[in-house]
Structure formats: C-alpha cells, structure tokens
Amino acid sequence: MSRHVAIVTDSTAYLPPRTMERHGITAVPLTVVLGDQALEEGTEISARSLAQALQKRRSVTTSRPSPEVFAETYRRVAGSGATGIVSLHLSAEFSGTYDAAVLAAREAPVPVRVVDTGMVAMALGFCALAAAESAETGGTVDDAVAAAEKRAAGTYAYFYVDTLDYLRRGGRIGAAQALFGSALAVKPLLQLDGGRIELLEKVRTATRAIARLEEIVADRAGNAQVDIAVHHLAAPDRASALAERLRARVPGLADLHVSEVGAVIGAHTGPGLLGAVVSPR
C-alpha cells in the first residue's frame, strides 16, 4: 500500500476519466434533481438527457454532496494509503460543496486540506491536475495546495450562453443582469471573477459573441505556454470550430481539451453554452 498525498475534487471539474485514473484523482459527484428524481452527475444523468429536459422546460435543480458522502470518500482514500488529502472544489459562490467537504474533513482519519478554488469546470480541473502533479513528484499537502492555488490565480474562464434565463432561475446571476441580457436581443459574454459569474461584454449577435470570445481567449493566452479547455452544452460543432481556431491562433498552446459540460453546470447555463478556459502552466 503506497503512501502518498491524494487529490479529491468534485464532478464539476469535468476531467476526462482517463486523466483522473492516470493521476489518481477522485471526484465526488454532485446531484441533479430532475422532477422528483435525484441523479448523480456523471453516472446517472448525461449532458444530453439534461439538455433535453431543459428544452422541454422540465423542473431541474442541483444539490451538493452530503458531508457523509465526503466522509466516506476520505475514509476510502485514506484506506488506499494516503497520508494526507487535498480536496479541491468549485466556487463556494455556486454551491455548498466546499462547506460539506469542510465538515467531513474534521472527522477524516488523515489530514485534509479543503480548498475553495473559486473555479468551475476545467478551470477547476486544471487546479486538480496541478495538485496531482505536485503530489506525484513527492510534494506535501502544502505543496499540492500551493500548486493548485498558483494555477487558479492564473486561470481565466469566459463563456457565452444563448440566454441568461437559466442562470437567473438558479440564482447564479442577478435578475437585473438577466434583464440586461434579454434587452434588445443582446448576447452577453460572461467571465468568472472572484468566484462569481459576471457580465463581461455585450454583443449584438451570437456569431459576433463567439468571435469575440475567441479573441479574448487568444489575447489572454498571448505567447505564454498555456492549456486551454473548450466546453459546450448541446453545441458540439460550435465547440470544435472554436477549438480549431484557437489551435491556430495560440502559439504557446500545450494541451487543448474539448468537452461537453456535465449536467450540474448545464442545468444553470442551458443548451448552447460555449465556454473557454485558459490556464498558463
């Protein structure tokens, strides 16, 4: 049984399963409540099923993992030989996941450091990867936390949605901001800022908004060595096209990930989401 620092995150990191397996990262699932059914993200509800439910205007909400689920995860990870755990999660502004992890950490059999990364999707995923890479080279819990926090500090996430209604319904954006996005058919670009979703720019059409998203990400990347993730919900062609344009425009591109977001984030953005994360190495 190997002795090591283990990395735990949650299902909204949207890391590829092979990447998680290769780096030994464990993800605790959030839950999507579809009508009267509570379904675990990643195993019991797909992004496609979620998009179809939203298009039919079915009731969809999300919920955090319970402290008991975290406690069981920490016990299992400790049982595999971990001497310490770094638990990295989506912004506490979006979810009570961080709070549930903190409660469970108090009773864990090994030391657990719980970190509110202020991130979500692959912006969170890149933080988890940085922590895992630190642990793999013999880093301590403090080293892994520092690596994740450094990655978070340099990571930016931008996204376009067809409508702000889903974000408004879930309380992730204010009613005034949602009204702004609906006025005169404005297509807003948004960003993660301080762990919150904020309006970045207003653009008149979807085509112009996506072109502007590409420009912002390319400018942010500059000539630095960066990883980029392109996310979507029910918009694979948009995502593939944006990824190929970024591949041509970003000279320091290291890894490029293209993936559909899961049901939890999709429930709050709606179909048509197109997002991009740029994260310097």
# chains A, B, ... in the order shown; residues from 1 in each chain; ligands from 1
$ residues_around --residues "Pro251 (chain A)" --least-positions-apart "6" --cutoff "8 Å" --atoms "only C-alpha atoms" --output "MDAnalysis selection string"
chainID A and resid 222:224
$ write_last_selection --atoms "C-alpha atoms" --output "mmCIF file, in the first residue's frame"
data_model
loop_
_atom_site.group_PDB
_atom_site.id
_atom_site.type_symbol
_atom_site.label_atom_id
_atom_site.label_comp_id
_atom_site.auth_asym_id
_atom_site.auth_seq_id
_atom_site.Cartn_x
_atom_site.Cartn_y
_atom_site.Cartn_z
ATOM 1 C CA GLY A 222 -0.589 35.645 -25.611
ATOM 2 C CA ASN A 223 2.714 33.867 -26.230
ATOM 3 C CA ALA A 224 2.775 32.025 -22.901
#
$ select_by_dssp --residues "region 87-166 of chain A" --states "strand (DSSP E)" --output "list in words"
Ser87, Leu88, His89, Val112, Arg113, Val114, Val115, Asp116, Tyr156, Ala157, Tyr158, Phe159 and Tyr160 of chain A
$ write_last_selection --atoms "all heavy atoms" --output "mmCIF file, in the first residue's frame"
data_model
loop_
_atom_site.group_PDB
_atom_site.id
_atom_site.type_symbol
_atom_site.label_atom_id
_atom_site.label_comp_id
_atom_site.auth_asym_id
_atom_site.auth_seq_id
_atom_site.Cartn_x
_atom_site.Cartn_y
_atom_site.Cartn_z
ATOM 1 N N SER A 87 -8.436 18.497 -1.019
ATOM 2 C CA SER A 87 -9.794 18.409 -1.557
ATOM 3 C C SER A 87 -10.144 19.744 -2.196
ATOM 4 O O SER A 87 -10.325 20.750 -1.506
ATOM 5 C CB SER A 87 -10.762 18.063 -0.408
ATOM 6 O OG SER A 87 -11.966 17.537 -0.862
ATOM 7 N N LEU A 88 -10.214 19.754 -3.521
ATOM 8 C CA LEU A 88 -10.352 20.985 -4.310
ATOM 9 C C LEU A 88 -11.727 21.059 -4.953
ATOM 10 O O LEU A 88 -12.136 20.124 -5.653
ATOM 11 C CB LEU A 88 -9.283 20.999 -5.408
ATOM 12 C CG LEU A 88 -7.838 20.906 -4.926
ATOM 13 C CD1 LEU A 88 -6.946 20.357 -6.036
ATOM 14 C CD2 LEU A 88 -7.336 22.270 -4.488
ATOM 15 N N HIS A 89 -12.415 22.204 -4.751
ATOM 16 C CA HIS A 89 -13.807 22.240 -5.182
ATOM 17 C C HIS A 89 -14.209 23.525 -5.891
ATOM 18 O O HIS A 89 -13.497 24.533 -5.852
ATOM 19 C CB HIS A 89 -14.695 21.969 -3.974
ATOM 20 C CG HIS A 89 -14.406 20.625 -3.401
ATOM 21 N ND1 HIS A 89 -14.697 19.458 -4.069
ATOM 22 C CD2 HIS A 89 -13.746 20.258 -2.265
ATOM 23 C CE1 HIS A 89 -14.265 18.430 -3.369
ATOM 24 N NE2 HIS A 89 -13.683 18.889 -2.269
ATOM 25 N N VAL A 112 -6.841 16.614 6.069
ATOM 26 C CA VAL A 112 -7.477 17.023 4.809
ATOM 27 C C VAL A 112 -7.455 18.537 4.711
ATOM 28 O O VAL A 112 -7.901 19.227 5.635
ATOM 29 C CB VAL A 112 -8.939 16.526 4.720
ATOM 30 C CG1 VAL A 112 -9.574 16.986 3.402
ATOM 31 C CG2 VAL A 112 -9.018 15.017 4.848
ATOM 32 N N ARG A 113 -6.938 19.058 3.614
ATOM 33 C CA ARG A 113 -6.997 20.489 3.331
ATOM 34 C C ARG A 113 -8.062 20.704 2.266
ATOM 35 O O ARG A 113 -7.962 20.179 1.147
ATOM 36 C CB ARG A 113 -5.647 20.997 2.821
ATOM 37 C CG ARG A 113 -4.591 21.113 3.899
ATOM 38 C CD ARG A 113 -4.700 22.402 4.700
ATOM 39 N NE ARG A 113 -4.500 23.578 3.864
ATOM 40 C CZ ARG A 113 -3.314 24.054 3.483
ATOM 41 N NH1 ARG A 113 -2.191 23.430 3.872
ATOM 42 N NH2 ARG A 113 -3.217 25.129 2.751
ATOM 43 N N VAL A 114 -9.100 21.457 2.618
ATOM 44 C CA VAL A 114 -10.184 21.734 1.685
ATOM 45 C C VAL A 114 -9.973 23.126 1.106
ATOM 46 O O VAL A 114 -9.755 24.087 1.846
ATOM 47 C CB VAL A 114 -11.550 21.637 2.379
ATOM 48 C CG1 VAL A 114 -12.675 21.860 1.372
ATOM 49 C CG2 VAL A 114 -11.709 20.269 3.055
ATOM 50 N N VAL A 115 -10.038 23.240 -0.229
ATOM 51 C CA VAL A 115 -9.742 24.493 -0.912
ATOM 52 C C VAL A 115 -10.929 24.911 -1.774
ATOM 53 O O VAL A 115 -11.412 24.129 -2.607
ATOM 54 C CB VAL A 115 -8.485 24.361 -1.796
ATOM 55 C CG1 VAL A 115 -8.190 25.679 -2.508
ATOM 56 C CG2 VAL A 115 -7.287 23.920 -0.963
ATOM 57 N N ASP A 116 -11.393 26.130 -1.550
ATOM 58 C CA ASP A 116 -12.357 26.754 -2.458
ATOM 59 C C ASP A 116 -11.537 27.396 -3.573
ATOM 60 O O ASP A 116 -10.927 28.437 -3.385
ATOM 61 C CB ASP A 116 -13.176 27.805 -1.712
ATOM 62 C CG ASP A 116 -14.069 28.636 -2.635
ATOM 63 O OD1 ASP A 116 -14.174 28.307 -3.833
ATOM 64 O OD2 ASP A 116 -14.644 29.632 -2.153
ATOM 65 N N TYR A 156 -8.252 31.769 -16.286
ATOM 66 C CA TYR A 156 -9.408 32.604 -16.615
ATOM 67 C C TYR A 156 -10.433 31.767 -17.372
ATOM 68 O O TYR A 156 -10.070 30.923 -18.196
ATOM 69 C CB TYR A 156 -8.988 33.801 -17.468
ATOM 70 C CG TYR A 156 -8.122 34.783 -16.704
ATOM 71 C CD1 TYR A 156 -6.749 34.571 -16.571
ATOM 72 C CD2 TYR A 156 -8.680 35.901 -16.095
ATOM 73 C CE1 TYR A 156 -5.956 35.451 -15.848
ATOM 74 C CE2 TYR A 156 -7.891 36.791 -15.375
ATOM 75 C CZ TYR A 156 -6.540 36.562 -15.255
ATOM 76 O OH TYR A 156 -5.761 37.437 -14.534
ATOM 77 N N ALA A 157 -11.699 32.018 -17.084
ATOM 78 C CA ALA A 157 -12.779 31.295 -17.754
ATOM 79 C C ALA A 157 -13.786 32.298 -18.306
ATOM 80 O O ALA A 157 -14.228 33.209 -17.595
ATOM 81 C CB ALA A 157 -13.462 30.340 -16.781
ATOM 82 N N TYR A 158 -14.119 32.125 -19.568
ATOM 83 C CA TYR A 158 -15.061 33.010 -20.260
ATOM 84 C C TYR A 158 -16.112 32.137 -20.922
ATOM 85 O O TYR A 158 -15.813 31.034 -21.379
ATOM 86 C CB TYR A 158 -14.344 33.826 -21.333
ATOM 87 C CG TYR A 158 -13.141 34.581 -20.835
ATOM 88 C CD1 TYR A 158 -11.855 34.046 -20.980
ATOM 89 C CD2 TYR A 158 -13.263 35.824 -20.220
ATOM 90 C CE1 TYR A 158 -10.744 34.725 -20.533
ATOM 91 C CE2 TYR A 158 -12.152 36.513 -19.768
ATOM 92 C CZ TYR A 158 -10.897 35.960 -19.926
ATOM 93 O OH TYR A 158 -9.793 36.640 -19.474
ATOM 94 N N PHE A 159 -17.331 32.654 -21.017
ATOM 95 C CA PHE A 159 -18.325 31.845 -21.702
ATOM 96 C C PHE A 159 -19.474 32.667 -22.255
ATOM 97 O O PHE A 159 -19.749 33.795 -21.840
ATOM 98 C CB PHE A 159 -18.836 30.706 -20.824
ATOM 99 C CG PHE A 159 -19.477 31.122 -19.529
ATOM 100 C CD1 PHE A 159 -20.848 31.102 -19.387
ATOM 101 C CD2 PHE A 159 -18.709 31.506 -18.441
ATOM 102 C CE1 PHE A 159 -21.452 31.460 -18.186
ATOM 103 C CE2 PHE A 159 -19.293 31.871 -17.242
ATOM 104 C CZ PHE A 159 -20.676 31.847 -17.116
ATOM 105 N N TYR A 160 -20.094 32.046 -23.234
ATOM 106 C CA TYR A 160 -21.259 32.608 -23.923
ATOM 107 C C TYR A 160 -22.435 31.678 -23.672
ATOM 108 O O TYR A 160 -22.280 30.446 -23.697
ATOM 109 C CB TYR A 160 -20.974 32.692 -25.427
ATOM 110 C CG TYR A 160 -22.227 32.789 -26.264
ATOM 111 C CD1 TYR A 160 -22.854 34.014 -26.466
ATOM 112 C CD2 TYR A 160 -22.802 31.644 -26.816
ATOM 113 C CE1 TYR A 160 -24.023 34.091 -27.203
ATOM 114 C CE2 TYR A 160 -23.970 31.713 -27.556
ATOM 115 C CZ TYR A 160 -24.575 32.939 -27.758
ATOM 116 O OH TYR A 160 -25.736 33.017 -28.472
#
$ closest_atom_pairs --of "region 214-256 of chain A" --to "region 47-59 of chain A" --cutoff "10 Å" --atoms "only C-alpha atoms" --output "Markdown table"
| residue | atom | partner | partner_atom | distance |
| --- | --- | --- | --- | --- |
| A:His232 | CA | A:Ala47 | CA | 9.9 |
| A:Leu233 | CA | A:Ala47 | CA | 7.1 |
| A:Ala234 | CA | A:Ala51 | CA | 6.8 |
$ write_last_selection --atoms "C-alpha atoms" --output "compact mmCIF listing (two decimals), in the first residue's frame"
# COMPACT_ATOMS: atom_id res chain seq x y z
CA HIS A 232 -20.17 23.32 -24.58
CA LEU A 233 -23.66 22.02 -23.93
CA ALA A 234 -25.51 20.62 -26.95
$ residues_around --residues "Ala267 (chain A)" --least-positions-apart "5" --cutoff "9 Å" --atoms "only C-alpha atoms" --output "ChimeraX atom specification"
/A:32,50-51,54,60-62,166-167,170,262
$ write_last_selection --atoms "C-alpha atoms" --output "PDB file, in the first residue's frame"
ATOM      1  CA  VAL A  32     -29.112  16.835 -10.363  1.00  0.00           C
ATOM      2  CA  LEU A  50     -30.199  17.152 -19.184  1.00  0.00           C
ATOM      3  CA  ALA A  51     -30.331  19.300 -22.337  1.00  0.00           C
ATOM      4  CA  LEU A  54     -34.292  21.761 -20.198  1.00  0.00           C
ATOM      5  CA  VAL A  60     -34.251  20.884 -12.892  1.00  0.00           C
ATOM      6  CA  THR A  61     -32.286  21.791  -9.771  1.00  0.00           C
ATOM      7  CA  THR A  62     -28.906  20.773  -8.356  1.00  0.00           C
ATOM      8  CA  TYR A 166     -31.155  29.508 -16.667  1.00  0.00           C
ATOM      9  CA  LEU A 167     -28.520  31.382 -14.654  1.00  0.00           C
ATOM     10  CA  GLY A 170     -30.674  29.096 -10.402  1.00  0.00           C
ATOM     11  CA  GLY A 262     -21.944  17.798 -17.240  1.00  0.00           C
TER      12      GLY A 262
END
$ select_by_dssp --residues "region 11-211 of chain A" --states "helix (DSSP H, G or I)" --output "MDAnalysis selection string"
chainID A and resid 11:13 17:23 47:55 67:79 97:105 122:136 141:154 165:169 175:185 206:211
$ atom_distance --atom1 "CA of Val264 (chain A)" --atom2 "CA of Ala6 (chain A)"
24.5 Å
$ atom_distance --atom1 "CA of Ala152 (chain A)" --atom2 "CA of Ser279 (chain A)"
8.0 Å
$ closest_residue --among "A:Thr155, A:Thr269, A:Gln225, A:Thr83" --to "Asp255 (chain A)" --atoms "only C-alpha atoms"
A:Gln225
